[in-house]
Structures are given as structure tokens and as C-alpha cells.
$ cat coords-v3.csv   # CSV, C-alpha atoms and all ligand atoms
chain,number,residue,atom,x,y,z
A,1,MET,CA,108.1,104.5,120.7
A,2,ARG,CA,105.3,104.5,118.1
A,3,LYS,CA,106.2,104.6,114.4
A,4,LYS,CA,106.1,107.9,112.5
A,5,ILE,CA,104.8,107.5,109.0
A,6,VAL,CA,104.4,109.8,106.0
A,7,ALA,CA,102.2,108.2,103.4
A,8,GLY,CA,101.6,109.6,99.9
A,9,ASN,CA,98.1,109.2,98.5
A,10,TRP,CA,98.5,109.7,94.8
A,11,LYS,CA,94.7,109.3,94.2
A,12,MET,CA,93.8,108.9,90.5
A,13,ASN,CA,97.0,110.6,89.3
A,14,MET,CA,100.1,109.4,87.5
A,15,ASP,CA,100.2,107.1,84.5
A,16,LEU,CA,102.6,104.2,84.7
A,17,SER,CA,105.8,105.9,83.6
A,18,SER,CA,105.2,109.1,85.6
A,19,GLY,CA,104.5,107.0,88.7
A,20,ILE,CA,107.6,105.0,88.2
A,21,GLU,CA,109.6,108.2,87.8
A,22,LEU,CA,108.1,109.8,90.9
A,23,ALA,CA,108.8,106.7,93.1
A,24,LYS,CA,112.3,106.5,91.7
A,25,GLY,CA,112.8,110.1,92.5
A,26,VAL,CA,111.8,109.7,96.1
A,27,LYS,CA,113.9,106.6,96.4
A,28,GLU,CA,117.0,108.4,95.0
A,29,TYR,CA,116.4,111.4,97.3
A,30,PHE,CA,116.5,109.3,100.4
A,31,ALA,CA,119.3,106.9,99.3
A,32,GLY,CA,121.9,106.9,102.0
A,33,LYS,CA,119.7,108.9,104.4
A,34,THR,CA,117.8,107.7,107.4
A,35,PRO,CA,114.4,109.6,107.5
A,36,LYS,CA,112.7,109.7,110.9
A,37,ALA,CA,109.4,108.5,109.3
A,38,GLU,CA,108.5,105.4,107.4
A,39,ILE,CA,107.7,106.4,103.9
A,40,VAL,CA,104.7,104.7,102.2
A,41,LEU,CA,103.6,105.4,98.6
A,42,CYS,CA,99.9,104.6,98.1
A,43,THR,CA,99.6,104.3,94.3
A,44,PRO,CA,96.9,103.5,91.9
A,45,PHE,CA,96.5,99.8,91.3
A,46,ILE,CA,98.3,99.9,88.0
A,47,HIS,CA,101.6,100.7,89.7
A,48,LEU,CA,101.5,98.1,92.4
A,49,SER,CA,103.0,95.2,90.4
A,50,VAL,CA,106.1,97.2,89.5
A,51,MET,CA,106.7,99.0,92.8
A,52,LYS,CA,108.5,96.1,94.4
A,53,ASP,CA,111.1,96.3,91.8
A,54,VAL,CA,111.2,100.1,91.5
A,55,LEU,CA,111.6,100.5,95.3
A,56,LYS,CA,114.0,97.6,95.9
A,57,ASP,CA,117.1,98.4,97.9
A,58,SER,CA,115.2,101.1,99.8
A,59,ASN,CA,113.1,101.1,103.0
A,60,ILE,CA,110.2,102.7,101.2
A,61,LYS,CA,106.9,100.8,101.5
A,62,PHE,CA,104.0,100.9,99.1
A,63,GLY,CA,100.3,100.2,99.3
A,64,ALA,CA,96.9,100.5,97.6
A,65,GLN,CA,94.2,103.2,98.1
A,66,ASN,CA,91.3,100.8,98.2
A,67,CYS,CA,90.4,97.1,98.2
A,68,TYR,CA,87.3,94.9,98.0
A,69,SER,CA,85.7,93.2,100.9
A,70,GLU,CA,85.4,89.7,99.4
A,71,PRO,CA,88.2,87.3,98.7
A,72,SER,CA,87.5,86.5,95.0
A,73,GLY,CA,84.8,85.9,92.6
A,74,ALA,CA,82.3,87.7,90.3
A,75,PHE,CA,83.0,91.3,91.3
A,76,THR,CA,83.8,92.8,88.0
A,77,GLY,CA,86.3,95.7,88.2
A,78,GLU,CA,87.3,95.1,91.9
A,79,ILE,CA,90.7,94.2,93.3
A,80,SER,CA,91.0,91.8,96.2
A,81,CYS,CA,93.3,92.1,99.2
A,82,SER,CA,95.2,89.0,98.2
A,83,MET,CA,95.9,90.5,94.8
A,84,ILE,CA,97.3,93.6,96.5
A,85,LYS,CA,99.3,91.5,98.9
A,86,SER,CA,100.7,89.4,96.0
A,87,THR,CA,102.4,92.5,94.5
A,88,GLY,CA,104.5,93.0,97.7
A,89,ALA,CA,102.3,95.9,98.9
A,90,GLU,CA,102.2,96.2,102.7
A,91,TYR,CA,99.5,98.8,103.2
A,92,VAL,CA,96.0,99.7,102.0
A,93,ILE,CA,94.1,102.9,102.6
A,94,ILE,CA,90.5,102.2,103.7
A,95,GLY,CA,87.7,104.7,104.3
A,96,HIS,CA,89.2,107.8,102.5
A,97,SER,CA,86.5,110.5,102.4
A,98,GLU,CA,86.4,110.3,98.6
A,99,ARG,CA,85.4,106.6,98.9
A,100,ARG,CA,82.9,107.4,101.6
A,101,THR,CA,81.3,110.3,99.7
A,102,LEU,CA,81.7,109.5,96.0
A,103,PHE,CA,81.4,105.7,96.3
A,104,LYS,CA,78.9,105.6,99.2
A,105,GLU,CA,81.1,103.4,101.4
A,106,ASP,CA,79.6,103.3,104.9
A,107,ASN,CA,81.3,102.2,108.1
A,108,LYS,CA,79.8,98.7,107.8
A,109,MET,CA,81.3,98.2,104.4
A,110,LEU,CA,84.6,99.7,105.5
A,111,ASN,CA,84.7,97.4,108.5
A,112,LYS,CA,84.4,94.4,106.1
A,113,LYS,CA,87.2,95.8,104.0
A,114,VAL,CA,89.3,96.4,107.1
A,115,ARG,CA,88.8,92.8,108.4
A,116,MET,CA,89.6,91.3,104.9
A,117,ALA,CA,92.7,93.4,104.6
A,118,LEU,CA,94.0,92.5,108.0
A,119,SER,CA,93.3,88.8,107.6
A,120,THR,CA,95.2,88.9,104.3
A,121,GLY,CA,98.2,90.4,106.1
A,122,LEU,CA,98.0,93.9,104.9
A,123,LYS,CA,98.3,96.9,107.2
A,124,VAL,CA,95.4,99.3,107.1
A,125,ILE,CA,95.5,103.1,107.0
A,126,TYR,CA,91.9,103.8,108.2
A,127,CYS,CA,90.7,107.4,107.4
A,128,CYS,CA,88.2,109.3,109.5
A,129,GLY,CA,87.1,112.9,109.7
A,130,GLU,CA,84.2,115.2,109.7
A,131,ILE,CA,82.7,117.5,107.0
A,132,LEU,CA,82.6,121.2,107.6
A,133,LYS,CA,78.9,121.3,108.6
A,134,GLU,CA,79.5,118.7,111.3
A,135,ARG,CA,82.3,120.8,112.7
A,136,GLU,CA,80.2,123.9,112.6
A,137,GLN,CA,77.4,122.0,114.4
A,138,GLY,CA,79.9,120.9,117.0
A,139,ILE,CA,79.4,117.2,116.4
A,140,HIS,CA,82.8,116.4,114.9
A,141,PHE,CA,83.9,114.3,117.9
A,142,ASP,CA,80.7,112.2,117.7
A,143,VAL,CA,81.2,111.7,114.0
A,144,VAL,CA,84.8,110.5,114.3
A,145,LYS,CA,83.9,108.3,117.3
A,146,GLU,CA,81.2,106.6,115.2
A,147,GLN,CA,83.6,106.1,112.3
A,148,LEU,CA,86.1,104.4,114.6
A,149,THR,CA,83.6,102.5,116.6
A,150,GLU,CA,81.7,101.0,113.6
A,151,GLY,CA,84.7,100.7,111.3
A,152,LEU,CA,87.4,99.4,113.7
A,153,PHE,CA,86.3,98.6,117.2
A,154,ASN,CA,85.2,95.0,116.6
A,155,LEU,CA,88.8,94.1,115.8
A,156,THR,CA,90.9,92.0,118.2
A,157,GLU,CA,93.9,93.6,119.9
A,158,ASP,CA,96.2,91.7,117.5
A,159,GLU,CA,94.3,92.9,114.5
A,160,PHE,CA,94.2,96.5,115.8
A,161,LYS,CA,98.0,96.6,116.1
A,162,ASN,CA,98.2,96.6,112.3
A,163,VAL,CA,96.0,99.6,111.9
A,164,VAL,CA,97.2,103.2,111.4
A,165,ILE,CA,94.6,105.9,111.7
A,166,ALA,CA,94.5,109.0,109.5
A,167,TYR,CA,92.5,111.9,110.8
A,168,GLU,CA,91.5,113.8,107.7
A,169,PRO,CA,88.9,116.6,108.3
A,170,VAL,CA,87.1,116.6,105.0
A,171,TRP,CA,87.0,120.4,104.8
A,172,ALA,CA,90.8,120.4,104.7
A,173,ILE,CA,91.3,117.8,102.0
A,174,GLY,CA,92.4,119.3,98.7
A,175,THR,CA,91.2,122.7,99.8
A,176,GLY,CA,94.5,124.4,100.8
A,177,LEU,CA,92.9,125.0,104.2
A,178,ASN,CA,94.6,122.8,106.7
A,179,ALA,CA,93.5,122.2,110.2
A,180,THR,CA,95.5,124.2,112.7
A,181,PRO,CA,98.0,122.1,114.7
A,182,GLU,CA,95.8,122.7,117.7
A,183,GLN,CA,92.7,121.4,115.9
A,184,ALA,CA,94.6,118.3,114.7
A,185,GLN,CA,96.0,117.7,118.2
A,186,GLU,CA,92.6,118.1,119.9
A,187,MET,CA,91.0,115.5,117.6
A,188,GLN,CA,94.0,113.1,117.6
A,189,SER,CA,94.3,113.1,121.4
A,190,PHE,CA,90.6,112.4,121.5
A,191,ILE,CA,91.1,109.4,119.1
A,192,ARG,CA,94.0,108.1,121.2
A,193,LYS,CA,91.7,108.3,124.3
A,194,LEU,CA,89.0,106.3,122.5
A,195,ILE,CA,91.6,103.7,121.6
A,196,ALA,CA,92.8,103.5,125.2
A,197,GLU,CA,89.2,103.0,126.4
A,198,LYS,CA,88.7,100.2,123.9
A,199,TYR,CA,92.2,98.5,123.8
A,200,GLY,CA,94.1,99.8,126.7
A,201,LYS,CA,96.8,102.4,127.2
A,202,GLY,CA,99.6,100.3,125.9
A,203,ILE,CA,98.0,99.8,122.5
A,204,SER,CA,96.8,103.3,122.2
A,205,GLU,CA,100.3,104.7,122.9
A,206,ASN,CA,101.7,102.5,120.2
A,207,THR,CA,99.1,103.4,117.6
A,208,THR,CA,100.3,105.7,114.8
A,209,ILE,CA,97.8,108.5,114.1
A,210,LEU,CA,98.4,110.6,111.0
A,211,TYR,CA,97.0,114.0,110.0
A,212,GLY,CA,95.8,114.6,106.5
A,213,GLY,CA,94.3,117.6,104.7
A,214,SER,CA,96.3,120.2,102.8
A,215,CYS,CA,99.5,119.2,104.6
A,216,LYS,CA,102.5,120.6,102.7
A,217,ALA,CA,106.2,121.4,103.2
A,218,SER,CA,105.4,124.8,104.6
A,219,ASN,CA,103.0,123.6,107.4
A,220,ALA,CA,104.2,120.0,108.0
A,221,ALA,CA,106.7,120.8,110.7
A,222,GLU,CA,104.2,122.7,112.8
A,223,LEU,CA,101.6,120.0,112.5
A,224,PHE,CA,104.0,117.1,113.2
A,225,SER,CA,105.3,118.9,116.3
A,226,MET,CA,102.0,118.1,118.0
A,227,PRO,CA,102.3,115.2,120.5
A,228,ASP,CA,99.5,113.1,119.0
A,229,VAL,CA,100.4,113.8,115.3
A,230,ASP,CA,102.6,110.9,114.2
A,231,GLY,CA,103.1,112.0,110.6
A,232,GLY,CA,100.8,112.6,107.7
A,233,LEU,CA,98.7,111.2,104.9
A,234,ILE,CA,99.5,113.5,102.0
A,235,GLY,CA,97.4,113.9,98.8
A,236,GLY,CA,98.3,116.7,96.4
A,237,ALA,CA,101.7,117.4,97.8
A,238,SER,CA,102.7,113.8,97.4
A,239,LEU,CA,102.8,114.2,93.6
A,240,LYS,CA,105.7,116.6,93.7
A,241,LYS,CA,109.0,114.9,94.6
A,242,GLU,CA,110.6,117.9,96.4
A,243,GLU,CA,107.5,118.8,98.3
A,244,PHE,CA,106.9,115.2,99.4
A,245,CYS,CA,110.5,114.6,100.5
A,246,ALA,CA,110.5,117.9,102.4
A,247,ILE,CA,107.3,116.8,104.3
A,248,VAL,CA,109.0,113.5,105.2
A,249,GLU,CA,112.0,115.5,106.5
A,250,ALA,CA,109.7,117.6,108.6
A,251,VAL,CA,109.3,114.6,110.9
A,252,LYS,CA,111.8,115.0,113.7
B,301,LIG,C1,94.2,113.0,101.0
B,301,LIG,O1,93.6,112.8,99.9
B,301,LIG,O2,94.3,112.0,101.8
B,301,LIG,C2,94.7,114.3,101.3
B,301,LIG,C3,95.1,114.6,102.6
B,301,LIG,O3,94.7,115.2,100.3
B,301,LIG,P1,95.4,116.7,100.3
B,301,LIG,O4,96.8,116.5,101.0
B,301,LIG,O5,95.5,117.0,98.9
B,301,LIG,O6,94.5,117.6,101.1
$ encode --input "coords-v3.csv" --output "C-alpha cells"
Amino acid sequence: MRKKIVAGNWKMNMDLSSGIELAKGVKEYFAGKTPKAEIVLCTPFIHLSVMKDVLKDSNIKFGAQNCYSEPSGAFTGEISCSMIKSTGAEYVIIGHSERRTLFKEDNKMLNKKVRMALSTGLKVIYCCGEILKEREQGIHFDVVKEQLTEGLFNLTEDEFKNVVIAYEPVWAIGTGLNATPEQAQEMQSFIRKLIAEKYGKGISENTTILYGGSCKASNAAELFSMPDVDGGLIGGASLKKEEFCAIVEAVK
């Protein structure tokens, strides 16, 4: 059985104390409960060094939203994978559409980041997804295929086992307009087929593929009921404790 995951992407939100309060709130909500999904909080860098302590005595994992591709050195303002790992973080999001668009990160750069993260012992949540124009032109499958091929498909099988994929149609991120469960399923089964072609059926069946894009408590259950949707990457709704916890509980 592949792992189900609900990961919160806080983006550039939450100062130190409000982030601690939110993480504690999620931890308290699930104390004594056994959610069906692994919970991952992907926080801004400033929270990482306190999260281990805040989340101790819980099964909640945490991670970063970005990393740099080089191990150390004169890269003013960047954060390395080993720095992230040293906080106790287990995950890093790589290739979020905001990084691709606003910070001009291309598949080649993202592939370097992915390989650095994996070689440091982090698990990668690799984001892919088309913009609206690409869907309208009917090239969304090609776009996602290229993002996966160039960003991931030079990994070894062992490396690939530590990759989670998040399909996030860019037109659905932060817009309130989620993909329909059928649209998510159609793309996510396509992604699983590509993984099977590259790494074999065993690995593809064990790969967790998340949906992200305006996922909230009111639509999560329907999205997560799809056979190739193994949970969600949650932006805006991860900033509200009740909403985020309800999304986690929508995983059956
Ligand atoms: C995201 O940023 O990864 C995301 C899915 O955002 P939202 O849930 O706000 O659409």
C-alpha cells in the first residue's frame, strides 16, 4: 500500500510565533488519533529549527519549501540541503510553480536540487503542472511529461523511491478553482503510467502522487476518493488549523 500524505505549504506566511502556534494546534488536534495520512508541514526556513521540538511526541513531519542545489559556499541568502536536514526536517518541496515562474527555476535547475536533496537524505515533494493556456491548447500532458522527464527521470530507482509527486495545475493554485476529481485522476493516472514506463510497475504503484490547487475541506474527500490521488499539497487552507485538520481527515 502506498503512503497517503497531506502536506501543508505555508508559503511565505506565518511569523515565528504564529507558525509555532499553528503547528502546536495541528499536533494537539491529532493527539491520540491515528490519521490515515502522514502529515507534513512545509514551513518557511525560519521555523525549521524549532519544529523538531514543537512536533516532538507526534508523528507529524516537517520540511522546507525550497533548497539550493550546491552543498555550501558563497551563495548569499541560500539554504543548503544539509542545513535543512540538520534541523530534523524530512522533506523539501522542489519545483513549486511559484519557484518556476517567479524565480525562473527550470527543469534543469530543479533536477540539480532534487539530486542534492536526495543525496543529503531528504525526501522530495516534486511539483509539476500546466498553466491554463497549456491546458486550453491541449498540451498539458506533454508539459507534465517534460517536467517529470527532465526533473526526475535521471534518478536511480533507489533515489526515486524517496520522491513524492504533487500534481498542481497552475490555474488551480490559490484561485479557488480546483481541478475536478476527474481532471486530477486523468493526469495522475497518466503520471503513474509514465513512472511505470521508466521505473516499472512496482515502483509506480508505490509512488505517492498528491493533488494540489485550491484543495479545501469542502472538496478534499471527493478529490481524495480518486484511485491515483494519494492525498494533497495544501497551500492557503493549510494556514487554518480546523480547515487543514479536516483535509487530513478526508483521507480514508
Ligand atoms: C500550493 O501552493 O501548493 C497550493 C496548492 O496552493 P492552494 O492550496 O492555496 O491553491
$ residues_near_ligand --input "coords-v3.csv" --ligand "ligand LIG 301 (chain B)" --cutoff "6 Å" --atoms "only C-alpha atoms and all ligand atoms" --output "list in words"
Asn9, Ala172, Ile173, Gly174, Gly212, Gly213, Ser214, Cys215, Leu233, Ile234, Gly235, Gly236 and Ala237 of chain A
$ closest_residue --input "coords-v3.csv" --among "A:Ser18, A:Asn111, A:Ser225, A:Thr180" --to "Leu155 (chain A)" --atoms "all atoms listed in the file"
A:Asn111
$ closest_residue --input "coords-v3.csv" --among "A:Tyr68, A:Phe62, A:Phe153, A:Tyr167" --to "Thr120 (chain A)" --atoms "all atoms listed in the file"
A:Tyr68
$ residues_near_point --input "coords-v3.csv" --point "(115.5, 107.9, 96.0)" --cutoff "10 Å" --atoms "all atoms listed in the file" --output "JSON list (two decimals) with C-alpha atoms, in the coordinates of the input"
[["chain", "number", "residue", "atom", "x", "y", "z"],
["A", 22, "LEU", "CA", 108.10, 109.80, 90.90],
["A", 23, "ALA", "CA", 108.80, 106.70, 93.10],
["A", 24, "LYS", "CA", 112.30, 106.50, 91.70],
["A", 25, "GLY", "CA", 112.80, 110.10, 92.50],
["A", 26, "VAL", "CA", 111.80, 109.70, 96.10],
["A", 27, "LYS", "CA", 113.90, 106.60, 96.40],
["A", 28, "GLU", "CA", 117.00, 108.40, 95.00],
["A", 29, "TYR", "CA", 116.40, 111.40, 97.30],
["A", 30, "PHE", "CA", 116.50, 109.30, 100.40],
["A", 31, "ALA", "CA", 119.30, 106.90, 99.30],
["A", 32, "GLY", "CA", 121.90, 106.90, 102.00],
["A", 33, "LYS", "CA", 119.70, 108.90, 104.40],
["A", 54, "VAL", "CA", 111.20, 100.10, 91.50],
["A", 55, "LEU", "CA", 111.60, 100.50, 95.30],
["A", 57, "ASP", "CA", 117.10, 98.40, 97.90],
["A", 58, "SER", "CA", 115.20, 101.10, 99.80],
["A", 60, "ILE", "CA", 110.20, 102.70, 101.20],
["A", 241, "LYS", "CA", 109.00, 114.90, 94.60],
["A", 245, "CYS", "CA", 110.50, 114.60, 100.50]]
$ residues_around --input "coords-v3.csv" --residues "region 187-197 of chain A" --least-positions-apart "3" --cutoff "10 Å" --atoms "all atoms listed in the file" --output "PyMOL selection string"
chain A and resi 129+140-141+144-145+148-149+152-153+160+165-167+169+182-184+200-211+226-230
$ write_last_selection --input "coords-v3.csv" --atoms "C-alpha atoms" --output "tab-separated table (two decimals), in the coordinates of the input"
chain	number	residue	atom	x	y	z
A	129	GLY	CA	87.10	112.90	109.70
A	140	HIS	CA	82.80	116.40	114.90
A	141	PHE	CA	83.90	114.30	117.90
A	144	VAL	CA	84.80	110.50	114.30
A	145	LYS	CA	83.90	108.30	117.30
A	148	LEU	CA	86.10	104.40	114.60
A	149	THR	CA	83.60	102.50	116.60
A	152	LEU	CA	87.40	99.40	113.70
A	153	PHE	CA	86.30	98.60	117.20
A	160	PHE	CA	94.20	96.50	115.80
A	165	ILE	CA	94.60	105.90	111.70
A	166	ALA	CA	94.50	109.00	109.50
A	167	TYR	CA	92.50	111.90	110.80
A	169	PRO	CA	88.90	116.60	108.30
A	182	GLU	CA	95.80	122.70	117.70
A	183	GLN	CA	92.70	121.40	115.90
A	184	ALA	CA	94.60	118.30	114.70
A	200	GLY	CA	94.10	99.80	126.70
A	201	LYS	CA	96.80	102.40	127.20
A	202	GLY	CA	99.60	100.30	125.90
A	203	ILE	CA	98.00	99.80	122.50
A	204	SER	CA	96.80	103.30	122.20
A	205	GLU	CA	100.30	104.70	122.90
A	206	ASN	CA	101.70	102.50	120.20
A	207	THR	CA	99.10	103.40	117.60
A	208	THR	CA	100.30	105.70	114.80
A	209	ILE	CA	97.80	108.50	114.10
A	210	LEU	CA	98.40	110.60	111.00
A	211	TYR	CA	97.00	114.00	110.00
A	226	MET	CA	102.00	118.10	118.00
A	227	PRO	CA	102.30	115.20	120.50
A	228	ASP	CA	99.50	113.10	119.00
A	229	VAL	CA	100.40	113.80	115.30
A	230	ASP	CA	102.60	110.90	114.20
$ residues_near_point --input "coords-v3.csv" --point "(92.6, 108.7, 93.9)" --cutoff "8 Å" --atoms "all atoms listed in the file" --output "PyMOL selection string"
chain A and resi 9-13+44+65+98
$ closest_residue --input "coords-v3.csv" --among "A:Ala37, A:Ala64, A:Cys128, A:Ala250" --to "Arg2 (chain A)" --atoms "only C-alpha atoms"
A:Ala37
$ atom_distance --input "coords-v3.csv" --atom1 "CA of Cys67 (chain A)" --atom2 "CA of Lys198 (chain A)"
25.9 Å
$ closest_residue --input "coords-v3.csv" --among "A:Thr34, A:Asn107, A:Asn178, A:Thr43" --to "Ala7 (chain A)" --atoms "all atoms listed in the file"
A:Thr43
$ closest_residue --input "coords-v3.csv" --among "A:Asn162, A:Ile139, A:Leu132, A:Arg100" --to "Arg115 (chain A)" --atoms "all atoms listed in the file"
A:Asn162
$ closest_residue --input "coords-v3.csv" --among "A:Lys3, A:Leu102, A:Trp171, A:Gly63" --to "Glu136 (chain A)" --atoms "all atoms listed in the file"
A:Trp171
$ atom_distance --input "coords-v3.csv" --atom1 "CA of Gly77 (chain A)" --atom2 "CA of Phe103 (chain A)"
13.8 Å
$ atom_distance --input "coords-v3.csv" --atom1 "CA of Lys61 (chain A)" --atom2 "CA of Asp158 (chain A)"
21.3 Å
$ residues_around --input "coords-v3.csv" --residues "Tyr126 (chain A)" --least-positions-apart "4" --cutoff "7 Å" --atoms "only C-alpha atoms" --output "list in words"
Ile93, Ile94, Gly95, Val163, Val164, Ile165 and Ala166 of chain A
$ build_atoms --input "coords-v3.csv" --residues "region 86-115 of chain A" --atoms "N, CA and C atoms" --output "short mmCIF file (atom, residue, chain, number, x, y, z; two decimals), in the coordinates of the input"
data_model
loop_
_atom_site.label_atom_id
_atom_site.label_comp_id
_atom_site.auth_asym_id
_atom_site.auth_seq_id
_atom_site.Cartn_x
_atom_site.Cartn_y
_atom_site.Cartn_z
N SER A 86 99.84 90.21 96.90
CA SER A 86 100.70 89.40 96.00
C SER A 86 101.72 90.33 95.25
N THR A 87 101.48 91.64 95.23
CA THR A 87 102.40 92.50 94.50
C THR A 87 103.60 92.93 95.45
N GLY A 88 103.47 92.59 96.74
CA GLY A 88 104.50 93.00 97.70
C GLY A 88 104.05 94.28 98.46
N ALA A 89 102.86 94.76 98.16
CA ALA A 89 102.30 95.90 98.90
C ALA A 89 102.14 95.55 100.36
N GLU A 90 102.38 96.51 101.26
CA GLU A 90 102.20 96.20 102.70
C GLU A 90 100.97 96.92 103.27
N TYR A 91 100.52 97.98 102.60
CA TYR A 91 99.50 98.80 103.20
C TYR A 91 98.27 98.93 102.22
N VAL A 92 97.13 99.26 102.81
CA VAL A 92 96.00 99.70 102.00
C VAL A 92 95.25 100.80 102.78
N ILE A 93 94.91 101.85 102.06
CA ILE A 93 94.10 102.90 102.60
C ILE A 93 92.63 102.46 102.58
N ILE A 94 91.91 102.58 103.67
CA ILE A 94 90.50 102.20 103.70
C ILE A 94 89.72 103.37 104.34
N GLY A 95 88.61 103.74 103.70
CA GLY A 95 87.70 104.70 104.30
C GLY A 95 88.09 106.18 103.98
N HIS A 96 88.88 106.38 102.92
CA HIS A 96 89.20 107.80 102.50
C HIS A 96 87.85 108.49 102.26
N SER A 97 87.82 109.77 102.56
CA SER A 97 86.50 110.50 102.40
C SER A 97 86.00 110.48 101.01
N GLU A 98 86.92 110.40 100.03
CA GLU A 98 86.40 110.30 98.60
C GLU A 98 85.69 109.00 98.40
N ARG A 99 86.14 107.93 99.04
CA ARG A 99 85.40 106.60 98.90
C ARG A 99 84.10 106.71 99.67
N ARG A 100 84.14 107.35 100.84
CA ARG A 100 82.90 107.40 101.60
C ARG A 100 81.85 108.26 100.86
N THR A 101 82.28 109.39 100.28
CA THR A 101 81.30 110.30 99.70
C THR A 101 80.96 109.87 98.24
N LEU A 102 81.96 109.72 97.39
CA LEU A 102 81.70 109.50 96.00
C LEU A 102 81.20 108.05 95.71
N PHE A 103 81.71 107.11 96.52
CA PHE A 103 81.40 105.70 96.30
C PHE A 103 80.48 105.11 97.36
N LYS A 104 79.97 106.01 98.20
CA LYS A 104 78.90 105.60 99.20
C LYS A 104 79.37 104.48 100.10
N GLU A 105 80.63 104.46 100.48
CA GLU A 105 81.10 103.40 101.40
C GLU A 105 80.79 103.79 102.81
N ASP A 106 79.98 102.98 103.48
CA ASP A 106 79.60 103.30 104.90
C ASP A 106 80.53 102.53 105.83
N ASN A 107 80.38 102.86 107.12
CA ASN A 107 81.30 102.20 108.10
C ASN A 107 81.16 100.71 108.11
N LYS A 108 79.96 100.20 107.82
CA LYS A 108 79.80 98.70 107.80
C LYS A 108 80.59 98.10 106.70
N MET A 109 80.49 98.68 105.52
CA MET A 109 81.30 98.20 104.40
C MET A 109 82.76 98.32 104.65
N LEU A 110 83.13 99.46 105.22
CA LEU A 110 84.60 99.70 105.50
C LEU A 110 85.09 98.71 106.50
N ASN A 111 84.27 98.37 107.49
CA ASN A 111 84.70 97.40 108.50
C ASN A 111 84.95 96.03 107.83
N LYS A 112 84.13 95.67 106.86
CA LYS A 112 84.40 94.40 106.10
C LYS A 112 85.69 94.45 105.39
N LYS A 113 85.94 95.60 104.77
CA LYS A 113 87.20 95.80 104.00
C LYS A 113 88.39 95.69 104.98
N VAL A 114 88.26 96.36 106.11
CA VAL A 114 89.30 96.40 107.10
C VAL A 114 89.66 94.94 107.53
N ARG A 115 88.60 94.18 107.86
CA ARG A 115 88.80 92.80 108.40
C ARG A 115 89.44 91.92 107.28
#
